[in-house]
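So the structure is just underneath, and the comments pick up after that.
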Amino acid sequence: MRRPYSSRAALALWLAALLLATLTLALRGELVTDLQGFAPDPISADGVALDPGAGPAGRMLLLAIEGGDSRERAAASDALVAALKEAPEVAGIQNGRLDPDDPALDFLIEHRYLLSPRVDAEHFSEGRLREHLKDRRDDLASAVPELPRELIPRDPTAETRAVLERLAAGSGHATTGPEGVWVSPDRDRALLILRSAAEGMDLDAQAALIEHTRASFSEHADTGLRLQIAGPAVIAVESRATIRGEVTWITAGASLALAVLLLAVFRHPHPVWLAAVPLASGILIAAAVVTLVFGHLHGIALAFGITVLGIALDYPLHLFAHAQRAGGERPDGGDLSQIARELWPAIALGAGSTVLVFALMAMTGFSGMAQLGLFVLTGVAVAAVTTRWILPLLIPTRLQREGLPPLRLPLPAGLARPPAITRWGVALLALAAMVVVANTAPFPWEDRLSALHPVPEEQVALDQQLRSALGLPDVRHALLITGASPEQVLRASEALTPGLESLREAGALGGFAHAADVLPSQAVQRERQAALPEPGLLRERLEAARARLGFRDGAFEPFLRDIETARQQERLTPETLPDGPLRHALNPLLQPRDGGAGWIAWVRLQGVHDAEALARWAAAAPLAATPGFDAVGVRHIDFFRASEDLVSGFRDEALQRLALGLVAVALLLLAATRAPGRSLRILTAVGTGLLLTLAALILLGIQLSLFHLIALLLITGLCLDYAVFFSRPLRDAAARLRNLRSVSVCALSTLVVFGLLSLSSLPVLQAIGLTVVLGVVFSFLAAALLAPEVIRRDTA
């Protein structure tokens, strides 16, 4: 039978929309997986960007080589450095060894007298020069010299070594073994530090770098050596891999269980695959819309969006549940298009309410939440429209004519006709839940993202071991300096040094490193140049110092020339540093502020033992009494606290949007139904379901995270759907039974999927699964028990 023009037009528009969405994703689709792209930008009160996860620590990989003997480990360490140092994804790799032939060191050697912290007038006295020359003589006789022999004629005072040690001190204080590479305190492992060129939260890039590092090391595997890799990026990458692996089997298991359930309930194969059409259409078009609006689609928004779009699966199930035949005729009468038309007011009201809630989410300033809101509202709208106008056209003609077999779904008689006392029971439960929620103090929010990571304890222990062995800076605490120019914040860093030394002596911290350790201020560089002796005086002192030490005449002419050059050198600025170890060390510590209005400098701290003393010292304006630093700010930053504040801010805005959404839904229900009683019944069911779920989680002693909140958003949509259908004015008991079976199928299918999710070993998946299971049970019972009585035909 030829379809009417309107049906063909609807089908053509649907196919065109799917084609356009597919082309959009194929041509412009970009799936972003770094956490930084999902979370809101952490901004301080004065507009400084605080990045607790993508700073220097987030880009750092800690490497350890174990097995074999010390020489084999050192050789493997050198080979790994040689293999990775030129890789584009590597910003730098260090193992403690100084390579005089490294081209990147040329600039550092040429400017060593501007950079070395040891340069002062006394440093070039005759007595000090003689001490330096004795050390160089020892180097010539040593198998492991302090300074490479090639550099001795140019640098008898070992300023190059001093500069490199200063740079390395900013990264830690590792032990150098007899082979000249970093080793662990027990000398059983060779240690390296690798810095990624990518952001720490760019997990795809970090995973590729980790794999590249392992592959580069694999040639040494046959010697019995083993490579261990640790660091925040490793933990994040392994967490993601664990989540993906578990999601894969849960998705496969849930899909199979759902298919078996639908096949058992409907006793026909077509509802199994047809139910996926609205959901798949919603996901595809929603992904394309988000891509067009934001320029990319975040993986977290996609994953959570698909989870929340489980609401959309209810719409086709309602249609199929009402399309059953009984004694050769469908009770609803007419074809599936007519049934869809009859159900459309209820589907549209439920979908419209859900769209309204997530539309408010989409208008937030948080990129991740806005993407999630836009994805869900688009997907729900598309799924509802597809169910109404497209799905009836896809059902085979025979099935259209005969309808589906009666549902095989036994239900308790009490749900079909609940006694009046059950409503009082629901009211008492809701009141008790309100008491539980209101009297819970403090409210059990879990703001620590680390508590949700499925990280093996051995990986955390390895990270702590290597971090301690390398003497790396504290990943939690730092000082932030703000100023108008690079010179101002560099001078401020130098001015803070005495106060930081006092804190170290008092035991509040173990060490510190700042940008001025890498690039001294112009003022300090001028002082160092002024301390360099004139050529004639230096030559006279040098000749006297080398007497009877065995050095040939003229051996240190390169040294004399370098000193004269340094006296006339242009002083260094951040802009004049070439790509190399100096720039790589400086960039994480000295940065222009967003928008170019001023500069920031970081002071990285090691071994913070008294964070409160450190915070009090920073809050006391340590530079206030120093001339020239009136406009300079110094602030203690607790990155863990910043992360928690970020999460709590995200959560608070989501809760505000949810509350506004419920108010907007109430207005929509009143406008659409023009029945205050029905609207109140729907809202009461939704509120009761949410309250009971929240109270149950609290009584179970569960800390509530962002993922519980996302699950509560899903429950809101599900409960709206259940309550809207249960509140429909029905004219006979048979219609009420069909309605009950329809909503029951929807609830049961959701329980199957999220019940498996609640069995996951991963905290993230378990939180979502358990919350939705509880929410579905409570929402279904609240909506069913608050349903109105059947309207008798004689009262119509």
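Ordered as shown in the structure tokens, chains take letters A, B, and onward, while each chain numbers its residues from 1 and ligands are numbered from 1 in the order shown.
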
Please report, as JSON, numbers by chain, each residue of stretch 303-449 of chain A to which DSSP assigns alpha helix (DSSP H) when run on this structure's backbone.
-> {"A": [303, 304, 305, 306, 307, 308, 314, 315, 316, 317, 318, 319, 320, 321, 336, 337, 338, 339, 340, 341, 342, 343, 344, 345, 346, 347, 348, 349, 350, 351, 352, 353, 354, 355, 356, 357, 358, 359, 360, 361, 362, 367, 368, 369, 370, 371, 372, 373, 374, 375, 376, 377, 378, 379, 380, 381, 382, 383, 384, 385, 391, 392, 393, 394, 397, 398, 399, 400, 401, 402, 413, 414, 415, 416, 421, 422, 423, 424, 425, 426, 427, 428, 429, 430, 431, 432, 433, 434, 435, 436, 437, 438]}

Excluding A:Leu532 and residues on its chain fewer than 4 positions from it, collect all residues at most 8 Å away from it, counting only C-alpha atoms, and give them as a PyMOL selection string.
-> chain A and resi 119-121+124+528+563+567

Write the selection just made, keeping N, CA and C atoms, as an mmCIF file, in the first residue's frame?
```cif
data_model
loop_
_atom_site.group_PDB
_atom_site.id
_atom_site.type_symbol
_atom_site.label_atom_id
_atom_site.label_comp_id
_atom_site.auth_asym_id
_atom_site.auth_seq_id
_atom_site.Cartn_x
_atom_site.Cartn_y
_atom_site.Cartn_z
ATOM 1 N N VAL A 119 78.370 33.023 40.633
ATOM 2 C CA VAL A 119 79.203 34.118 40.123
ATOM 3 C C VAL A 119 79.113 35.328 41.044
ATOM 4 N N ASP A 120 80.237 35.665 41.643
ATOM 5 C CA ASP A 120 80.410 36.917 42.379
ATOM 6 C C ASP A 120 81.889 37.268 42.322
ATOM 7 N N ALA A 121 82.301 38.400 42.894
ATOM 8 C CA ALA A 121 83.691 38.849 42.792
ATOM 9 C C ALA A 121 84.650 37.853 43.441
ATOM 10 N N PHE A 124 86.223 34.551 41.584
ATOM 11 C CA PHE A 124 87.367 34.575 40.664
ATOM 12 C C PHE A 124 88.639 35.098 41.352
ATOM 13 N N ARG A 528 76.123 40.129 38.065
ATOM 14 C CA ARG A 528 77.076 39.059 37.732
ATOM 15 C C ARG A 528 78.079 39.525 36.679
ATOM 16 N N ILE A 563 85.177 34.785 29.348
ATOM 17 C CA ILE A 563 84.909 35.785 30.376
ATOM 18 C C ILE A 563 84.779 37.171 29.748
ATOM 19 N N ARG A 567 81.348 39.644 29.626
ATOM 20 C CA ARG A 567 81.287 41.006 30.159
ATOM 21 C C ARG A 567 80.517 41.942 29.228
#
```

Which residue of A:Arg154, A:Arg651, A:Arg641, A:Arg728 approaches A:Leu349 most closely, using only C-alpha atoms | A:Arg728

Within 9 Å of A:Leu683 using only C-alpha atoms, minus same-chain residues under 6 positions, as a list in words = Leu662, Val665, Ala666, Leu669, Leu720 and Ala723 of chain A

Contacts of stretch 742-745 of chain A at 8 Å (only C-alpha atoms; same-chain gap of 3+ positions) as number ranges by chain = A: 265, 314, 317-318, 321-322, 722, 725-726, 738-739, 748-749, 780

Any chance you could export the current selection's all heavy atoms as a tab-separated table (two decimals), in the first residue's frame?
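What follows is the written file again17.tsv:
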```
chain	number	residue	atom	x	y	z
A	265	VAL	N	9.26	-10.36	26.60
A	265	VAL	CA	8.06	-9.59	26.93
A	265	VAL	C	7.15	-9.41	25.71
A	265	VAL	O	5.94	-9.64	25.78
A	265	VAL	CB	8.45	-8.21	27.51
A	265	VAL	CG1	7.22	-7.31	27.62
A	265	VAL	CG2	9.09	-8.38	28.88
A	314	ASP	N	12.37	4.75	26.36
A	314	ASP	CA	11.00	4.54	26.84
A	314	ASP	C	9.98	4.83	25.75
A	314	ASP	O	8.90	4.20	25.72
A	314	ASP	CB	10.71	5.44	28.04
A	314	ASP	CG	11.44	4.99	29.30
A	314	ASP	OD1	12.18	3.98	29.22
A	314	ASP	OD2	11.28	5.65	30.34
A	317	LEU	N	9.11	1.93	23.50
A	317	LEU	CA	8.54	0.85	24.31
A	317	LEU	C	7.09	1.16	24.66
A	317	LEU	O	6.24	0.26	24.70
A	317	LEU	CB	9.36	0.66	25.58
A	317	LEU	CG	10.81	0.15	25.36
A	317	LEU	CD1	11.49	-0.09	26.70
A	317	LEU	CD2	10.82	-1.12	24.52
A	318	HIS	N	6.77	2.42	24.91
A	318	HIS	CA	5.37	2.80	25.13
A	318	HIS	C	4.54	2.47	23.89
A	318	HIS	O	3.42	1.94	24.00
A	318	HIS	CB	5.26	4.30	25.42
A	318	HIS	CG	5.71	4.69	26.80
A	318	HIS	ND1	5.21	4.09	27.93
A	318	HIS	CD2	6.60	5.64	27.21
A	318	HIS	CE1	5.78	4.64	28.99
A	318	HIS	NE2	6.62	5.59	28.59
A	321	ALA	N	4.14	-1.34	23.55
A	321	ALA	CA	3.30	-1.91	24.61
A	321	ALA	C	1.82	-1.66	24.35
A	321	ALA	O	0.97	-2.44	24.76
A	321	ALA	CB	3.70	-1.32	25.97
A	322	HIS	N	1.52	-0.54	23.66
A	322	HIS	CA	0.12	-0.25	23.35
A	322	HIS	C	-0.30	-0.81	22.00
A	322	HIS	O	-1.46	-0.64	21.60
A	322	HIS	CB	-0.12	1.27	23.35
A	322	HIS	CG	-0.14	1.86	24.72
A	322	HIS	ND1	1.00	2.13	25.45
A	322	HIS	CD2	-1.19	2.22	25.54
A	322	HIS	CE1	0.66	2.64	26.61
A	322	HIS	NE2	-0.66	2.70	26.70
A	722	TYR	N	7.46	8.43	33.63
A	722	TYR	CA	6.54	7.52	34.33
A	722	TYR	C	5.32	8.29	34.84
A	722	TYR	O	4.17	7.85	34.66
A	722	TYR	CB	7.24	6.87	35.52
A	722	TYR	CG	8.47	6.05	35.18
A	722	TYR	CD1	9.39	5.72	36.17
A	722	TYR	CD2	8.72	5.62	33.88
A	722	TYR	CE1	10.51	4.97	35.88
A	722	TYR	CE2	9.85	4.88	33.58
A	722	TYR	CZ	10.75	4.57	34.59
A	722	TYR	OH	11.87	3.84	34.30
A	725	PHE	N	2.76	9.41	32.11
A	725	PHE	CA	1.93	8.32	31.60
A	725	PHE	C	0.95	7.82	32.65
A	725	PHE	O	-0.22	7.52	32.35
A	725	PHE	CB	2.81	7.18	31.09
A	725	PHE	CG	3.10	7.27	29.62
A	725	PHE	CD1	4.13	8.07	29.16
A	725	PHE	CD2	2.32	6.60	28.69
A	725	PHE	CE1	4.39	8.19	27.81
A	725	PHE	CE2	2.57	6.71	27.34
A	725	PHE	CZ	3.61	7.50	26.89
A	726	PHE	N	1.39	7.71	33.90
A	726	PHE	CA	0.48	7.24	34.94
A	726	PHE	C	-0.61	8.26	35.24
A	726	PHE	O	-1.68	7.91	35.77
A	726	PHE	CB	1.25	6.93	36.22
A	726	PHE	CG	1.81	5.53	36.27
A	726	PHE	CD1	3.16	5.31	36.52
A	726	PHE	CD2	0.99	4.43	36.05
A	726	PHE	CE1	3.68	4.04	36.56
A	726	PHE	CE2	1.50	3.13	36.09
A	726	PHE	CZ	2.85	2.94	36.35
A	738	ARG	N	-3.01	-1.66	30.44
A	738	ARG	CA	-2.05	-1.49	29.34
A	738	ARG	C	-1.05	-0.38	29.66
A	738	ARG	O	0.15	-0.50	29.38
A	738	ARG	CB	-2.80	-1.15	28.04
A	738	ARG	CG	-3.51	-2.32	27.42
A	738	ARG	CD	-3.92	-2.02	25.98
A	738	ARG	NE	-4.76	-0.83	25.88
A	738	ARG	CZ	-6.08	-0.84	26.05
A	738	ARG	NH1	-6.71	-1.97	26.35
A	738	ARG	NH2	-6.79	0.28	25.93
A	739	ASN	N	-1.53	0.67	30.25
A	739	ASN	CA	-0.64	1.78	30.63
A	739	ASN	C	0.38	1.32	31.66
A	739	ASN	O	1.57	1.66	31.58
A	739	ASN	CB	-1.49	2.92	31.20
A	739	ASN	CG	-0.78	4.25	31.12
A	739	ASN	OD1	-0.30	4.65	30.07
A	739	ASN	ND2	-0.69	4.93	32.26
A	748	LEU	N	11.53	-1.81	33.69
A	748	LEU	CA	12.26	-3.08	33.76
A	748	LEU	C	13.48	-3.05	32.84
A	748	LEU	O	14.56	-3.53	33.20
A	748	LEU	CB	11.32	-4.23	33.38
A	748	LEU	CG	11.80	-5.65	33.75
A	748	LEU	CD1	12.09	-5.75	35.24
A	748	LEU	CD2	10.74	-6.67	33.32
A	749	SER	N	13.33	-2.48	31.66
A	749	SER	CA	14.46	-2.41	30.74
A	749	SER	C	15.58	-1.53	31.31
A	749	SER	O	16.76	-1.84	31.18
A	749	SER	CB	14.01	-1.87	29.38
A	749	SER	OG	13.54	-0.53	29.50
A	780	PHE	N	9.14	4.71	39.92
A	780	PHE	CA	8.05	3.89	39.38
A	780	PHE	C	6.96	3.70	40.43
A	780	PHE	O	5.76	3.90	40.15
A	780	PHE	CB	8.59	2.54	38.93
A	780	PHE	CG	7.52	1.58	38.47
A	780	PHE	CD1	7.01	1.66	37.18
A	780	PHE	CD2	7.02	0.60	39.32
A	780	PHE	CE1	6.03	0.78	36.75
A	780	PHE	CE2	6.04	-0.27	38.90
A	780	PHE	CZ	5.54	-0.18	37.61
```

Which residues of stretch 666-735 of chain A sit at most 8 Å from stretch 770-774 of chain A, using only C-alpha atoms? Give each one's shortest atom pair and distance in Å (one decimal place), in chain and ascending residue order, as a tab-separated table.
```
residue	atom	partner	partner_atom	distance
A:Thr693	CA	A:Leu774	CA	5.8
A:Ala696	CA	A:Leu774	CA	7.8
A:Leu697	CA	A:Thr771	CA	7.5
A:His708	CA	A:Thr771	CA	6.4
A:Ala711	CA	A:Val772	CA	5.9
A:Leu712	CA	A:Thr771	CA	7.1
A:Leu714	CA	A:Val772	CA	7.4
A:Ile715	CA	A:Val772	CA	6.2
```

Filtering to all heavy atoms, could you give me those residues as an mmCIF file, in the first residue's frame?
```
data_model
loop_
_atom_site.group_PDB
_atom_site.id
_atom_site.type_symbol
_atom_site.label_atom_id
_atom_site.label_comp_id
_atom_site.auth_asym_id
_atom_site.auth_seq_id
_atom_site.Cartn_x
_atom_site.Cartn_y
_atom_site.Cartn_z
ATOM 1 N N THR A 693 15.408 8.454 46.603
ATOM 2 C CA THR A 693 16.706 8.009 46.092
ATOM 3 C C THR A 693 17.850 8.650 46.866
ATOM 4 O O THR A 693 18.801 7.973 47.282
ATOM 5 C CB THR A 693 16.840 8.361 44.602
ATOM 6 O OG1 THR A 693 15.760 7.771 43.880
ATOM 7 C CG2 THR A 693 18.161 7.858 44.038
ATOM 8 N N ALA A 696 18.067 7.239 50.398
ATOM 9 C CA ALA A 696 18.600 5.873 50.398
ATOM 10 C C ALA A 696 20.124 5.879 50.244
ATOM 11 O O ALA A 696 20.835 5.131 50.927
ATOM 12 C CB ALA A 696 17.953 5.062 49.278
ATOM 13 N N LEU A 697 20.630 6.721 49.362
ATOM 14 C CA LEU A 697 22.083 6.808 49.180
ATOM 15 C C LEU A 697 22.755 7.290 50.462
ATOM 16 O O LEU A 697 23.824 6.788 50.849
ATOM 17 C CB LEU A 697 22.405 7.761 48.026
ATOM 18 C CG LEU A 697 22.017 7.286 46.623
ATOM 19 C CD1 LEU A 697 22.207 8.412 45.605
ATOM 20 C CD2 LEU A 697 22.836 6.065 46.220
ATOM 21 N N HIS A 708 26.894 10.732 40.718
ATOM 22 C CA HIS A 708 25.571 10.547 41.314
ATOM 23 C C HIS A 708 24.627 11.653 40.854
ATOM 24 O O HIS A 708 23.441 11.415 40.611
ATOM 25 C CB HIS A 708 25.674 10.573 42.845
ATOM 26 C CG HIS A 708 26.386 9.401 43.433
ATOM 27 N ND1 HIS A 708 27.733 9.420 43.706
ATOM 28 C CD2 HIS A 708 25.948 8.161 43.785
ATOM 29 C CE1 HIS A 708 28.091 8.262 44.211
ATOM 30 N NE2 HIS A 708 27.027 7.475 44.274
ATOM 31 N N ALA A 711 23.437 10.922 37.473
ATOM 32 C CA ALA A 711 22.424 9.867 37.557
ATOM 33 C C ALA A 711 21.089 10.435 38.039
ATOM 34 O O ALA A 711 20.013 10.012 37.577
ATOM 35 C CB ALA A 711 22.900 8.762 38.499
ATOM 36 N N LEU A 712 21.127 11.398 38.959
ATOM 37 C CA LEU A 712 19.878 12.020 39.429
ATOM 38 C C LEU A 712 19.191 12.799 38.307
ATOM 39 O O LEU A 712 17.957 12.872 38.253
ATOM 40 C CB LEU A 712 20.168 12.944 40.614
ATOM 41 C CG LEU A 712 20.521 12.258 41.937
ATOM 42 C CD1 LEU A 712 20.948 13.279 42.985
ATOM 43 C CD2 LEU A 712 19.349 11.431 42.454
ATOM 44 N N LEU A 714 19.258 11.860 35.192
ATOM 45 C CA LEU A 714 18.597 10.809 34.419
ATOM 46 C C LEU A 714 17.311 10.370 35.115
ATOM 47 O O LEU A 714 16.265 10.194 34.474
ATOM 48 C CB LEU A 714 19.549 9.624 34.249
ATOM 49 C CG LEU A 714 18.957 8.343 33.650
ATOM 50 C CD1 LEU A 714 18.324 8.614 32.291
ATOM 51 C CD2 LEU A 714 20.029 7.266 33.532
ATOM 52 N N ILE A 715 17.367 10.222 36.431
ATOM 53 C CA ILE A 715 16.179 9.810 37.184
ATOM 54 C C ILE A 715 15.066 10.842 37.035
ATOM 55 O O ILE A 715 13.885 10.493 36.925
ATOM 56 C CB ILE A 715 16.542 9.610 38.671
ATOM 57 C CG1 ILE A 715 17.478 8.414 38.814
ATOM 58 C CG2 ILE A 715 15.292 9.405 39.519
ATOM 59 C CD1 ILE A 715 18.121 8.314 40.171
#
```

Mind checking which residues fall within 7 Å of stretch 586-599 of chain A, counting only C-alpha atoms, ignoring those fewer than 4 positions away in the same chain, and posting them as a count of residues only?
-> 11

Skip A:His298 itself and residues of its chain fewer than 3 positions away, then list as a PyMOL selection string all residues within 6 Å of it, counting only C-alpha atoms.
-> chain A and resi 31-32+301

Would you mind reading off the distance between atom CA of A:Val663 and atom CA of A:Gly310, one decimal, in Å?
->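 Going from atom CA of A:Val663 over to atom CA of A:Gly310, I get 23.1 Å.
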
Calculate how many Å separate atom CA of A:Leu133 from atom CA of A:Ala531, rounding to one decimal.
->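 That distance, rounded to one decimal, is 19.5 Å.
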
Who sits within 9 Å of stretch 245-249 of chain A, only C-alpha atoms, same chain under 6 positions skipped, as a list in words = Leu757, Ser760, Ser761, Leu762 and Leu765 of chain A
